[in-house]
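*Asks:* Submitted below is the structure of interest, expressed as structure tokens.
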There are 2 protein chains.
Amino acid sequence: MWRLLQFPLCPFSRKVRFMLAAKGVTVELVRVLPWDKPAELMALNPAGQTPVLELDGTAIANSAAICDYFEETVSRTPLLAGTPEERAETRRLTAWFDQKFYAEVTVPLLSERMYKRLYLRQPPDGTALRQASRAAEVHVDYLDWLLERRRWLSGAAFGLADIAAAAQLSVADYLSGLQWDGHEPSRIWYSALKSRPTFRPLLGERMEGLPPPDHYDKLDF
Amino acid sequence: MWRLLQFPLCPFSRKVRFMLAAKGVTVELVRVLPWDKPAELMALNPAGQTPVLELDGTAIANSAAICDYFEETVSRTPLLAGTPEERAETRRLTAWFDQKFYAEVTVPLLSERMYKRLYLRQPPDGTALRQASRAAEVHVDYLDWLLERRRWLSGAAFGLADIAAAAQLSVADYLSGLQWDGHEPSRIWYSALKSRPTFRPLLGERMEGLPPPDHYDKLDF
């Protein structure tokens with residue numbers, strides 16, 4: 001069985017776990033904290049980042065490479081389907097959440113609300129949190145705009161863009177970085193994802209010493 | 001003909017241009033500067049980033065989505081070839097240069113040596129430049145390590161990882177951010193790329209008011 005090196009609040013680990021569950025691929029979870037630079041993680045991925053998949057010494061690192069690998073090798077539940085143009089749209093939106101949402105929202109929240117609290121024992125920087133909150137509002141507005149025009153994020157079918165977005169949003173939501181009021185299209189979409197047996201188990205996990213807000217794992221939020 | 005919205009020092013535009021040239025796809029170049037937020041760029045890509053390809057109102061944004069699109073639709077010169085495991089390695093290294101090298105080396109160089117000079121009319125921050133220089137040294141050491149074991153970056157065949165790396169390195173080199181002494185494997189590899197007719201034209205372009213160092217477009221550097 002593949003082993004997945006990951007930790008509960010890593011958005012890219014969540015993306016890979018949701019993707020693998022949708023594909024019906026089971027993996028053994030191995031918890032590692034990248035900032036401790038654990039030897040096994042560094043040996044399998046010189047970038048020092050989670051997630052990494054490992055099987056009999058073969059490693060696949062980087063969440064995009066992992067997702068493409070399983071999309072190519074496991075035909076069940078295509079997540080990057082359609083015409084080349086539709087696939088390009090799925091990839092554009094996947095990159096949007098992997099890179100833009102991550103940099104503008106997830107990174108400052110993880111830094112201010114997780115790393116400073118659990119490791120540096122410092123208070124968060126209010127300015128950084130307000131900037132992240134404003135950026136999150138713009139992103140969820142864009143999500144609303146897309147979902148007013150499409151059933152799923154990149155078109156008519158559930159796919160990798162929904163998975164990438166849910167991974168980033170769920171970490172931001174755990175860290176009290178999202179405001180759902182006034183965002184009905186996004187709320188309906190996210191509630192549908194939360195009820196999926198392929199995503200729901202992720203919402204039951206906790207980072208010790210850092211509880212999520214009450215609404216975090218509720219379907220009615 | 002496809003139109004490509006890009007500018008000379010955008011590493012992701014260089015990646016797409018090198019990739020399209022290797023595939024034999026010709027495009028019309030349209031120069032846009034993302035920080036001016038030009039209306040056409042914003043309309044075609046809400047992320048406000050270059051590169052974007054446009055044909056008859058259809059836009060493809062994000063360099064990874066563009067490269068995958070042409071890899072799927074143009075069979076000439078496969079750039080993401082081999083087994084699923086080999087393709088995953090090409091994707092891991094492509095992401096390494098697109099994300100890690102970009103964040104640690106290209107972004108600070110563009111910020112300190114291009115944006116501050118041409119737009120803010122401010123001197124660069126020496127500390128940021130020294131950090132970028134140290135990071136570049138670590139990356140080129142890793143490139144040496146790979147090239148001592150492989151003919152090309154991700155294996156026996158030239159491919160997307162070489163293109164992504166050349167795109168980032170060439171921008172860093174334009175901005176005097178690389179030190180080639182003591183890096184023979186990387187130097188030999190980069191010299192071979194510089195001599196390719198698919199890459200060489202890029203090295204002839206200049207950003208006004210910001211000349212590159214003398215060695216920048218020379219094959220013997």
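By convention in this document, the chains of the structure tokens carry letters A, B, ... by their order, each chain's residues are numbered from 1, and ligands are numbered from 1 in the order they are shown.
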Give me, as CSV, each residue of chain A that comes within 6 Å of chain B, together with its shortest interatomic pair and the distance in Å at one decimal, counting only C-alpha atoms, with rows ordered by chain and rising residue number.

*Replies:*
```
residue,atom,partner,partner_atom,distance
A:Asn62,CA,B:Arg92,CA,5.7
A:Ala65,CA,B:Ala88,CA,5.1
A:Ala88,CA,B:Ala65,CA,5.1
A:Arg91,CA,B:Ala65,CA,5.3
A:Arg92,CA,B:Asn62,CA,5.7
```

*Asks:* May I have the selected residues written with N, CA, C and O atoms, as a tab-separated table (two decimals), in the first residue's frame?

*Replies:*
```tsv
chain	number	residue	atom	x	y	z
A	62	ASN	N	5.02	16.44	-4.70
A	62	ASN	CA	4.29	17.57	-5.29
A	62	ASN	C	2.85	17.14	-5.57
A	62	ASN	O	2.60	16.18	-6.29
A	65	ALA	N	1.81	16.70	-9.27
A	65	ALA	CA	2.38	15.49	-9.87
A	65	ALA	C	1.65	14.24	-9.37
A	65	ALA	O	1.38	13.31	-10.14
A	88	ALA	N	-8.14	22.44	-19.66
A	88	ALA	CA	-7.32	23.63	-19.38
A	88	ALA	C	-8.01	24.52	-18.35
A	88	ALA	O	-7.36	25.11	-17.48
A	91	ARG	N	-7.54	22.97	-15.01
A	91	ARG	CA	-6.15	23.19	-14.55
A	91	ARG	C	-5.94	24.64	-14.12
A	91	ARG	O	-5.21	24.92	-13.16
A	92	ARG	N	-6.53	25.59	-14.85
A	92	ARG	CA	-6.40	27.00	-14.46
A	92	ARG	C	-6.94	27.22	-13.06
A	92	ARG	O	-6.30	27.86	-12.22
```

*Asks:* Using DSSP on the backbone coordinates, identify the residues of segment 4-188 of chain A assigned to helix (DSSP H, G or I); present them as number ranges by chain.

*Replies:* A: 11-23, 34-36, 39-44, 63-73, 84-120, 126-147, 160-174, 184-188

*Asks:* Just want the 8 Å neighbourhood of Thr50 of chain B, counted on only C-alpha atoms, with same-chain residues fewer than 2 positions away dropped. Output as a PyMOL selection string.

*Replies:* chain B and resi 5-7+10+12-13+32+34+41+48+52+61-62

*Asks:* Skipping near chain neighbours, those fewer than 6 positions away, what residues fall within 12 Å of Thr26 of chain A using only C-alpha atoms, listed as a PyMOL selection string?

*Replies:* chain A and resi 1-4+16-20+53+70+198

*Asks:* Between atom CA of Ser186 of chain A and atom CA of Val105 of chain A, measure the distance and give it in Å to one decimal.

*Replies:* 16.5 Å

*Asks:* Rounded to one decimal place, report the atom CA of Tyr115 of chain B-atom CA of Leu219 of chain B distance in Å.

*Replies:*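 Taking atom CA of Tyr115 of chain B as the start and atom CA of Leu219 of chain B as the end point, the length is 27.8 Å.
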
*Asks:* Between atom CA of Ala103 of chain B and atom CA of Leu120 of chain B, what is the spacing in Å?

*Replies:*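 A separation of 20.8 Å between them.
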
*Asks:* For segment 129-137 of chain B, please output as a VMD selection string all residues within 10 Å (counting only C-alpha atoms; exclusion window: fewer than 5 positions along the same chain).

*Replies:* chain B and resid 100 to 101 103 to 109 111 to 113 124 142 to 143 169 172 176 to 180 183
